[in-house]
Amino acid sequence: MSSVMARASRLIGRPRAVDAAAVLGAVPVPVVLLDAENRFRHANHAAEQFLGISAASLAQLRLEDLVPTDNPLFMLIEQVRRNEAIIADHDLTLESPRLNKRGITVQGSPLPEEPGAVLLVMQDASAARALDRQLAFRGAARSVTGMAAILAHEVKNPLSGIRGAAQLLESSVAPEDRELTVLIRDEADRIRGLVDRMEAFSEKPIARGSVNIHRVLEHVRKLAQSGFAAHVRFVETYDPSLPPVWGNRDQLVQVILNLVKNAAEAVTHPGASHPEITLSTGFHHGVRVAVPGSSTRLDLPLYVCVRDNGPGIPDDIRPHLFEPFVTSKSSGSGLGLALVAKIVGDHGGLIEVDSRPGRTEFRLHLPVITEKESDL
Ligand SMILES: Nc1ncnc2c1ncn2[C@@H]1O[C@H](COP(=O)(O)OP(=O)(O)O)[C@@H](O)[C@H]1O
Ligand SMILES: [Mg+2]
């Protein structure tokens, strides 16, 4: 057996060690390596062309021989050495009797094995701009619509599998577990609904109907407790006499889910004690809510609160809370509250926030069905 292996390895051969200099030589971007004294230890072919000096001549030179020492390039190199970090500078001018380069982008990286050595990668700004344009063009081609279509296609197939499997399980699982299979099926349906909407990429008016907000809250609570908020205590104080909301059920699930998810993330930080989320609903009898920045007053008699006992919204986030991509989480998208704000706005509702350490409350004000709409 071992002789077979030996033969095989002789036949295939071990991978040859690749010469780093040869690799650098083939890189089509000017790269030079400076040692701790700023001597040119290496320059690839692209760098020779870029600087107009052969590698052999460069090997005799120091950076000071090419560029005046007051050039910002020296500061960049010092920063790379001091911080041992990659630093880039844009729009540098490298001007001297031997050189005349403007609008250069230089990126400097430290070499961990060689103290003081700095690898410089250079690029003409015009080349960088061309690259930018190309990327922008590619970005446009892969437009949101295209992405939506691909995503919809890719998501729908496995989704119908998941739904089918849940349905099959439903008939064979113990009654107390049936709730979970129903949950899987309902959520699969909800994703399908979202994907369908994305696919159509419609800014069309949403399909609205009569929605029991307590069912929405219950649904989200179950989802949360069987998943991301398993260790959180939920307190529910609902007003059972509440009329139905005039809205879109799936979108309202999305809103509450995002709020509960944020609340759960806020209360489950390390060191949190007694994590708790309170869901409540109520009716402001005859109360109208002022629309900020206008004299309009909306009749939004129903409110839904999601409250948590977490540390509160960070001060720096607060002014931009509902803007997209605003997040304090290392892997956050910052899209949750932007989406919440959009959906609530589409519903003609309002959202308010009250936050201090130990108590953060998001309060939604939503329209209820009026006589006219219930006639539809
Ligand atoms: N209940 C909450 N408690 C504390 N901070 C919150 C709460 N909800 C939202 N935030 C803050 O608002 C930011 C934006 O939230 P969101 O738009 O949902 O994006 P993400 O959850 O991806 O960070 C969060 O990163 C967090 O800093
Ligand atoms: Mg979020």
# chains A, B, ... in the order shown; residues from 1 in each chain; ligands from 1
>>> closest_atom_pairs(of="region 289-360 of chain A", to="region 245-265 of chain A", cutoff="10 Å", atoms="only C-alpha atoms", output="tab-separated table")
residue	atom	partner	partner_atom	distance
A:Leu300	CA	A:Val245	CA	10.0
A:Pro301	CA	A:Val245	CA	9.9
A:Leu302	CA	A:Val245	CA	7.8
A:Tyr303	CA	A:Val245	CA	9.9
A:Val304	CA	A:Ile256	CA	9.0
A:Cys305	CA	A:Ile256	CA	9.3
A:Val306	CA	A:Leu259	CA	6.7
A:Arg307	CA	A:Ala263	CA	7.2
A:Asp308	CA	A:Ala263	CA	5.6
A:Asn309	CA	A:Ala263	CA	8.3
A:Gly310	CA	A:Ala263	CA	7.3
A:Gly312	CA	A:Ala263	CA	9.6
A:Lys329	CA	A:Glu265	CA	9.4
A:Leu335	CA	A:Asn258	CA	9.4
A:Gly336	CA	A:Asn258	CA	5.7
A:Leu337	CA	A:Asn258	CA	7.1
A:Leu339	CA	A:Val255	CA	7.5
A:Val340	CA	A:Val255	CA	5.0
A:Ala341	CA	A:Val255	CA	8.4
A:Lys342	CA	A:Val255	CA	9.5
A:Ile343	CA	A:Gln251	CA	6.8
A:Val344	CA	A:Val255	CA	7.7
A:Asp346	CA	A:Gly247	CA	9.3
A:His347	CA	A:Gly247	CA	6.3
A:Gly348	CA	A:Gly247	CA	9.4
A:Gly349	CA	A:Gly247	CA	9.9
A:Thr360	CA	A:Ala263	CA	8.1
>>> select_by_dssp(residues="region 223-268 of chain A", states="alpha helix (DSSP H)", output="PyMOL selection string")
chain A and resi 223-225+249-267
>>> select_by_dssp(residues="region 82-286 of chain A", states="strand (DSSP E or B)", output="PDB file with C-alpha atoms, in the first residue's frame")
ATOM      1  CA  ILE A  87      -2.620  52.376   5.406  1.00  0.00           C
ATOM      2  CA  ALA A  88      -3.609  53.949   2.107  1.00  0.00           C
ATOM      3  CA  ASP A  89      -3.168  57.476   0.858  1.00  0.00           C
ATOM      4  CA  HIS A  90      -4.925  58.880  -2.181  1.00  0.00           C
ATOM      5  CA  ASP A  91      -3.955  61.580  -4.607  1.00  0.00           C
ATOM      6  CA  LEU A  92      -0.274  61.701  -3.696  1.00  0.00           C
ATOM      7  CA  THR A  93       2.177  63.564  -5.884  1.00  0.00           C
ATOM      8  CA  LEU A  94       5.591  61.991  -6.335  1.00  0.00           C
ATOM      9  CA  GLU A  95       7.696  64.742  -7.816  1.00  0.00           C
ATOM     10  CA  ASN A 100       6.786  63.072 -12.082  1.00  0.00           C
ATOM     11  CA  LYS A 101       3.700  61.319 -10.895  1.00  0.00           C
ATOM     12  CA  ARG A 102       0.507  62.925  -9.790  1.00  0.00           C
ATOM     13  CA  GLY A 103      -2.689  61.566  -8.342  1.00  0.00           C
ATOM     14  CA  ILE A 104      -1.126  58.363  -7.114  1.00  0.00           C
ATOM     15  CA  THR A 105      -2.816  56.074  -4.655  1.00  0.00           C
ATOM     16  CA  VAL A 106      -0.313  54.278  -2.438  1.00  0.00           C
ATOM     17  CA  GLN A 107      -1.139  51.500  -0.080  1.00  0.00           C
ATOM     18  CA  GLY A 108       1.462  50.488   2.505  1.00  0.00           C
ATOM     19  CA  SER A 109       1.454  47.199   4.394  1.00  0.00           C
ATOM     20  CA  PRO A 110       3.796  45.943   7.096  1.00  0.00           C
ATOM     21  CA  VAL A 118       6.998  48.084   4.182  1.00  0.00           C
ATOM     22  CA  LEU A 119       5.315  46.847   1.043  1.00  0.00           C
ATOM     23  CA  LEU A 120       4.078  49.681  -1.160  1.00  0.00           C
ATOM     24  CA  VAL A 121       1.417  49.095  -3.781  1.00  0.00           C
ATOM     25  CA  MET A 122       0.915  51.997  -6.161  1.00  0.00           C
ATOM     26  CA  GLN A 123      -1.819  52.903  -8.537  1.00  0.00           C
ATOM     27  CA  ASP A 124      -2.480  55.731 -10.924  1.00  0.00           C
ATOM     28  CA  GLY A 209     -57.269  43.808   5.175  1.00  0.00           C
ATOM     29  CA  SER A 210     -58.521  43.326   8.653  1.00  0.00           C
ATOM     30  CA  VAL A 211     -55.688  42.086  10.870  1.00  0.00           C
ATOM     31  CA  ARG A 233     -39.315  36.121  29.808  1.00  0.00           C
ATOM     32  CA  PHE A 234     -42.297  37.526  27.917  1.00  0.00           C
ATOM     33  CA  VAL A 235     -44.967  39.590  29.610  1.00  0.00           C
ATOM     34  CA  GLU A 236     -48.148  40.237  27.657  1.00  0.00           C
ATOM     35  CA  THR A 237     -50.695  42.864  28.580  1.00  0.00           C
ATOM     36  CA  VAL A 245     -55.961  46.860  12.412  1.00  0.00           C
ATOM     37  CA  TRP A 246     -56.340  47.978   8.831  1.00  0.00           C
ATOM     38  CA  GLY A 247     -53.166  46.571   7.342  1.00  0.00           C
ATOM     39  CA  GLU A 276     -37.683  40.528  29.886  1.00  0.00           C
ATOM     40  CA  ILE A 277     -39.752  41.726  26.954  1.00  0.00           C
ATOM     41  CA  THR A 278     -43.213  43.198  27.443  1.00  0.00           C
ATOM     42  CA  LEU A 279     -45.726  43.217  24.627  1.00  0.00           C
ATOM     43  CA  SER A 280     -48.779  45.361  25.142  1.00  0.00           C
ATOM     44  CA  THR A 281     -51.651  46.817  23.200  1.00  0.00           C
ATOM     45  CA  GLY A 282     -54.188  49.453  23.986  1.00  0.00           C
ATOM     46  CA  PHE A 283     -56.642  51.970  22.738  1.00  0.00           C
TER      47      PHE A 283
END
>>> closest_residue(among="A:Asp354, A:Phe325, A:Asn157, A:Ala36", to="ligand 2", atoms="only C-alpha atoms and all ligand atoms")
A:Phe325
>>> atom_distance(atom1="CA of Arg82 (chain A)", atom2="CA of Val23 (chain A)")
27.6 Å
>>> atom_distance(atom1="CA of Phe362 (chain A)", atom2="CA of His214 (chain A)")
16.5 Å
